[in-house]
Amino acid sequence: MKRIFSEMKSLRYALLAFVATALLLGGCGGGGGGSSYDEPKVGVAVTNAPLDGHATNVVIKPATLLDWMEAGVVNSTDSFKTGNVVILDYASGYGTYPAIPGAVKVTTAELAATRLEGIAETGTLVPTGEMMDAVIQRAGITSNTTIVFTSDTMFYAARAYFIFRYWGFPQSQLKFLDGGNKAWKEEIPSADLAGVNINAAPQASTYSVKYNARLRDDLRMSIGEMISEVVPALADGRMLHLDALGPDHADGTTVNADGTAKSLTTDLIDGTKYVVFEGRINGSKPLAQGTLYTNDRLKPVVDIRNLFLDTGWTDGLPTSVACRAGVSCNTLFLALDAVLGSPVYTYDGSWGQWGLYSNDAT
């Protein structure tokens, strides 16, 4: 299977999108059909302009979320008529920062699956459709829902964004709260919430990912696609691969007391089993995901762009990203997909999978 930069797969998806749109236009009659996959589905109460320089309006500030609370659309039970907002707090411990009022807590176990891929099982991969349905139905998500991702740890919020993109939710429905729970606590005084009526919990839905336009597997790289497509593309400059763990991951600076390389990456299933050696895919470049933030807030677009340019990235260059477990690298995915508007793919297995495929540390 070729990725999105392959003409064959791009054409196939274009044809599928055309057919899906035709079915919506021709078969929905008076049911309000006709919206394309990329057009917003929500009511006017849930709107926001892109932040300065951003290619999309995915990233929002806490003040925008507060506006939606004051508009009464957070956990609204009238979602099919006017749209509603659901806040998904992913992988937070609530030890340092309190949950945002009305937020739905989602654990890593709910959105991470162990799958057989390649020659062995790999952990922490994208969840199954059944797992997704369980989360979105509990959270009251429908086709009219705007979903806001937050967390105590920003790369978890970015991972949730990638997962929902993979399962076919359009960007128009997805928001990333810049700074997450930390920014909410620091920027929204409790007095601002006085008199704001927020339903404590959403009304459960019956929505399923099978109702989305399509599975966006073109945004995800498997081990087979990494070997057959990405590595050759790296060799001839058609693609870039970035390691979100930064230079220390493979440059020999992370060592044991005796000077030997320190193994940090497990097999993503058994915490006592480690990869053969720490490293990066040949031809890849390091870009530590944490360098895109200042105090958990995304840096200005010009600074983010320069960080990518320093790796050899150029606008529109297809880029795959990886880390240790396919989680923290989604900060890079978010930045390219939502902030810079450039093609990007997450290598889901990341080094926890790749590092098990060799016994040669050279």
# chains A, B, ... in the order shown; residues from 1 in each chain; ligands from 1

$ select_by_dssp --residues "stretch 29-224 of chain A" --states "strand (DSSP E)" --output "PyMOL selection string"
chain A and resi 59-60+84-90+104-106+113-117+120-125+145-150+174-177+220-221

$ write_last_selection --atoms "N, CA and C atoms" --output "short mmCIF file (atom, residue, chain, number, x, y, z; two decimals), in the first residue's frame"
data_model
loop_
_atom_site.label_atom_id
_atom_site.label_comp_id
_atom_site.auth_asym_id
_atom_site.auth_seq_id
_atom_site.Cartn_x
_atom_site.Cartn_y
_atom_site.Cartn_z
N VAL A 59 -5.98 24.69 17.07
CA VAL A 59 -5.44 25.10 18.37
C VAL A 59 -6.25 26.26 18.92
N ILE A 60 -6.71 26.12 20.17
CA ILE A 60 -7.48 27.18 20.81
C ILE A 60 -6.85 27.55 22.14
N ASN A 84 -22.55 20.65 20.05
CA ASN A 84 -22.10 20.73 21.43
C ASN A 84 -20.59 20.59 21.50
N VAL A 85 -20.06 20.85 22.66
CA VAL A 85 -18.61 20.74 22.90
C VAL A 85 -18.39 19.71 23.98
N VAL A 86 -17.46 18.79 23.72
CA VAL A 86 -17.05 17.80 24.71
C VAL A 86 -15.55 17.98 24.94
N ILE A 87 -15.16 18.03 26.20
CA ILE A 87 -13.75 18.17 26.56
C ILE A 87 -13.22 16.81 26.97
N LEU A 88 -12.24 16.29 26.24
CA LEU A 88 -11.62 15.02 26.57
C LEU A 88 -10.28 15.28 27.24
N ASP A 89 -10.18 14.91 28.50
CA ASP A 89 -8.94 15.06 29.27
C ASP A 89 -8.23 13.71 29.25
N TYR A 90 -7.19 13.62 28.44
CA TYR A 90 -6.55 12.33 28.17
C TYR A 90 -5.30 12.14 29.03
N VAL A 104 -14.32 15.16 30.39
CA VAL A 104 -14.45 13.70 30.48
C VAL A 104 -13.06 13.11 30.54
N LYS A 105 -12.76 12.42 31.63
CA LYS A 105 -11.44 11.83 31.77
C LYS A 105 -11.36 10.52 30.98
N VAL A 106 -10.30 10.39 30.18
CA VAL A 106 -10.06 9.19 29.39
C VAL A 106 -8.66 8.69 29.72
N ALA A 113 -4.00 0.08 22.07
CA ALA A 113 -4.25 -1.34 21.86
C ALA A 113 -2.96 -2.08 21.56
N THR A 114 -2.93 -3.35 21.93
CA THR A 114 -1.87 -4.26 21.51
C THR A 114 -2.36 -4.99 20.27
N ARG A 115 -1.60 -4.87 19.18
CA ARG A 115 -2.01 -5.44 17.90
C ARG A 115 -0.90 -6.31 17.32
N LEU A 116 -1.28 -7.30 16.55
CA LEU A 116 -0.32 -8.09 15.79
C LEU A 116 -0.02 -7.34 14.51
N GLU A 117 1.21 -6.88 14.39
CA GLU A 117 1.62 -6.11 13.21
C GLU A 117 3.05 -6.50 12.87
N ALA A 120 5.28 -9.63 15.00
CA ALA A 120 5.03 -9.77 16.43
C ALA A 120 4.00 -8.75 16.88
N GLU A 121 3.47 -8.96 18.06
CA GLU A 121 2.55 -7.99 18.65
C GLU A 121 3.32 -6.75 19.09
N THR A 122 2.63 -5.63 19.01
CA THR A 122 3.18 -4.36 19.46
C THR A 122 2.15 -3.66 20.32
N GLY A 123 2.60 -3.03 21.39
CA GLY A 123 1.68 -2.34 22.30
C GLY A 123 1.55 -0.87 21.97
N THR A 124 0.63 -0.22 22.65
CA THR A 124 0.35 1.22 22.58
C THR A 124 0.01 1.69 21.17
N LEU A 125 -0.52 0.82 20.32
CA LEU A 125 -0.91 1.24 18.98
C LEU A 125 -2.31 1.86 19.02
N THR A 145 -20.49 17.26 17.25
CA THR A 145 -19.70 17.59 18.44
C THR A 145 -18.33 18.17 18.08
N THR A 146 -17.99 19.26 18.75
CA THR A 146 -16.62 19.78 18.72
C THR A 146 -15.88 19.17 19.90
N ILE A 147 -14.76 18.52 19.64
CA ILE A 147 -14.03 17.78 20.66
C ILE A 147 -12.76 18.55 21.02
N VAL A 148 -12.62 18.91 22.28
CA VAL A 148 -11.46 19.65 22.76
C VAL A 148 -10.56 18.69 23.54
N PHE A 149 -9.29 18.59 23.11
CA PHE A 149 -8.34 17.70 23.77
C PHE A 149 -7.48 18.50 24.74
N THR A 150 -7.37 17.97 25.95
CA THR A 150 -6.53 18.59 26.96
C THR A 150 -5.85 17.48 27.77
N LEU A 174 -12.21 18.98 15.66
CA LEU A 174 -11.16 18.72 16.65
C LEU A 174 -10.45 19.99 17.07
N LYS A 175 -10.27 20.15 18.39
CA LYS A 175 -9.57 21.29 18.95
C LYS A 175 -8.51 20.81 19.95
N PHE A 176 -7.41 21.53 19.99
CA PHE A 176 -6.30 21.23 20.91
C PHE A 176 -6.15 22.42 21.83
N LEU A 177 -6.37 22.21 23.13
CA LEU A 177 -6.28 23.31 24.09
C LEU A 177 -4.82 23.63 24.37
N ARG A 220 -1.17 7.26 9.14
CA ARG A 220 -0.43 6.36 10.03
C ARG A 220 0.50 5.46 9.22
N MET A 221 1.72 5.26 9.73
CA MET A 221 2.67 4.34 9.12
C MET A 221 2.77 3.06 9.94
#

$ select_by_dssp --residues "stretch 179-254 of chain A" --states "alpha helix (DSSP H)" --output "number ranges by chain"
A: 180-187, 223-225, 231-235

$ closest_residue --among "A:Ala244, A:Ile227, A:Leu219, A:Ala201" --to "A:Ala139" --atoms "only C-alpha atoms"
A:Ala201

$ atom_distance --atom1 "atom CA of A:Gly246" --atom2 "atom CA of A:Thr291"
9.1 Å

$ atom_distance --atom1 "atom CA of A:Trp313" --atom2 "atom CA of A:Lys299"
17.7 Å

$ residues_around --residues "A:Phe164" --least-positions-apart "4" --cutoff "10 Å" --atoms "only C-alpha atoms" --output "mmCIF file with N, CA, C and O atoms, in the first residue's frame"
data_model
loop_
_atom_site.group_PDB
_atom_site.id
_atom_site.type_symbol
_atom_site.label_atom_id
_atom_site.label_comp_id
_atom_site.auth_asym_id
_atom_site.auth_seq_id
_atom_site.Cartn_x
_atom_site.Cartn_y
_atom_site.Cartn_z
ATOM 1 N N LEU A 111 -7.491 4.108 25.042
ATOM 2 C CA LEU A 111 -7.172 4.515 23.672
ATOM 3 C C LEU A 111 -5.812 3.983 23.217
ATOM 4 O O LEU A 111 -5.117 4.624 22.424
ATOM 5 N N VAL A 126 -2.765 2.370 17.869
ATOM 6 C CA VAL A 126 -4.079 3.008 17.811
ATOM 7 C C VAL A 126 -5.162 2.047 18.298
ATOM 8 O O VAL A 126 -5.082 0.841 18.071
ATOM 9 N N PRO A 127 -6.177 2.561 18.968
ATOM 10 C CA PRO A 127 -7.230 1.695 19.509
ATOM 11 C C PRO A 127 -8.083 1.090 18.397
ATOM 12 O O PRO A 127 -8.098 1.565 17.263
ATOM 13 N N MET A 132 -12.813 2.853 20.420
ATOM 14 C CA MET A 132 -13.201 4.223 20.096
ATOM 15 C C MET A 132 -14.683 4.459 20.380
ATOM 16 O O MET A 132 -15.057 5.480 20.976
ATOM 17 N N ILE A 136 -16.291 7.449 22.676
ATOM 18 C CA ILE A 136 -17.093 8.538 22.118
ATOM 19 C C ILE A 136 -18.544 8.459 22.578
ATOM 20 O O ILE A 136 -19.192 9.496 22.762
ATOM 21 N N ILE A 147 -14.761 18.517 19.639
ATOM 22 C CA ILE A 147 -14.028 17.782 20.662
ATOM 23 C C ILE A 147 -12.763 18.554 21.015
ATOM 24 O O ILE A 147 -11.931 18.830 20.149
ATOM 25 N N ARG A 159 -1.525 13.189 21.156
ATOM 26 C CA ARG A 159 -1.775 11.801 20.766
ATOM 27 C C ARG A 159 -3.273 11.566 20.572
ATOM 28 O O ARG A 159 -3.684 10.902 19.607
ATOM 29 N N ALA A 160 -4.098 12.091 21.464
ATOM 30 C CA ALA A 160 -5.544 11.936 21.319
ATOM 31 C C ALA A 160 -6.018 12.601 20.035
ATOM 32 O O ALA A 160 -6.882 12.063 19.320
ATOM 33 N N GLY A 168 -11.030 9.082 11.551
ATOM 34 C CA GLY A 168 -11.910 9.719 10.587
ATOM 35 C C GLY A 168 -12.647 10.960 11.009
ATOM 36 O O GLY A 168 -13.487 11.468 10.258
ATOM 37 N N PHE A 169 -12.357 11.495 12.206
ATOM 38 C CA PHE A 169 -12.980 12.751 12.586
ATOM 39 C C PHE A 169 -12.287 13.893 11.852
ATOM 40 O O PHE A 169 -11.061 13.991 11.877
ATOM 41 N N PRO A 170 -13.038 14.772 11.177
ATOM 42 C CA PRO A 170 -12.415 15.865 10.428
ATOM 43 C C PRO A 170 -11.830 16.917 11.352
ATOM 44 O O PRO A 170 -12.264 17.074 12.498
ATOM 45 N N GLN A 171 -10.850 17.648 10.846
ATOM 46 C CA GLN A 171 -10.232 18.703 11.638
ATOM 47 C C GLN A 171 -11.259 19.696 12.152
ATOM 48 O O GLN A 171 -11.080 20.276 13.228
ATOM 49 N N GLN A 173 -13.906 19.293 13.550
ATOM 50 C CA GLN A 173 -14.495 18.891 14.826
ATOM 51 C C GLN A 173 -13.477 18.838 15.960
ATOM 52 O O GLN A 173 -13.866 18.647 17.113
ATOM 53 N N LEU A 174 -12.206 18.984 15.659
ATOM 54 C CA LEU A 174 -11.164 18.715 16.649
ATOM 55 C C LEU A 174 -10.447 19.992 17.068
ATOM 56 O O LEU A 174 -10.046 20.804 16.236
ATOM 57 N N VAL A 209 -17.665 5.255 15.075
ATOM 58 C CA VAL A 209 -16.691 5.672 14.067
ATOM 59 C C VAL A 209 -17.060 5.151 12.687
ATOM 60 O O VAL A 209 -16.591 5.689 11.672
ATOM 61 N N LEU A 215 -11.771 5.854 7.304
ATOM 62 C CA LEU A 215 -10.623 5.666 8.189
ATOM 63 C C LEU A 215 -9.429 6.367 7.565
ATOM 64 O O LEU A 215 -9.097 6.135 6.402
ATOM 65 N N ARG A 216 -8.741 7.215 8.330
ATOM 66 C CA ARG A 216 -7.598 7.946 7.802
ATOM 67 C C ARG A 216 -6.303 7.173 8.052
ATOM 68 O O ARG A 216 -5.367 7.654 8.687
#

$ atom_distance --atom1 "atom CA of A:Lys210" --atom2 "atom CA of A:Glu130"
10.0 Å

$ residues_around --residues "A:Tyr97" --least-positions-apart "2" --cutoff "9 Å" --atoms "only C-alpha atoms" --output "list in words"
Ser92, Gly93, Tyr94, Gly95, Ala99, Ile100, Asp152, Asn181, Lys182, Trp184 and Lys185 of chain A

$ closest_residue --among "A:Thr346, A:Thr108, A:Asn75, A:Gln353" --to "A:Asp218" --atoms "only C-alpha atoms"
A:Thr346
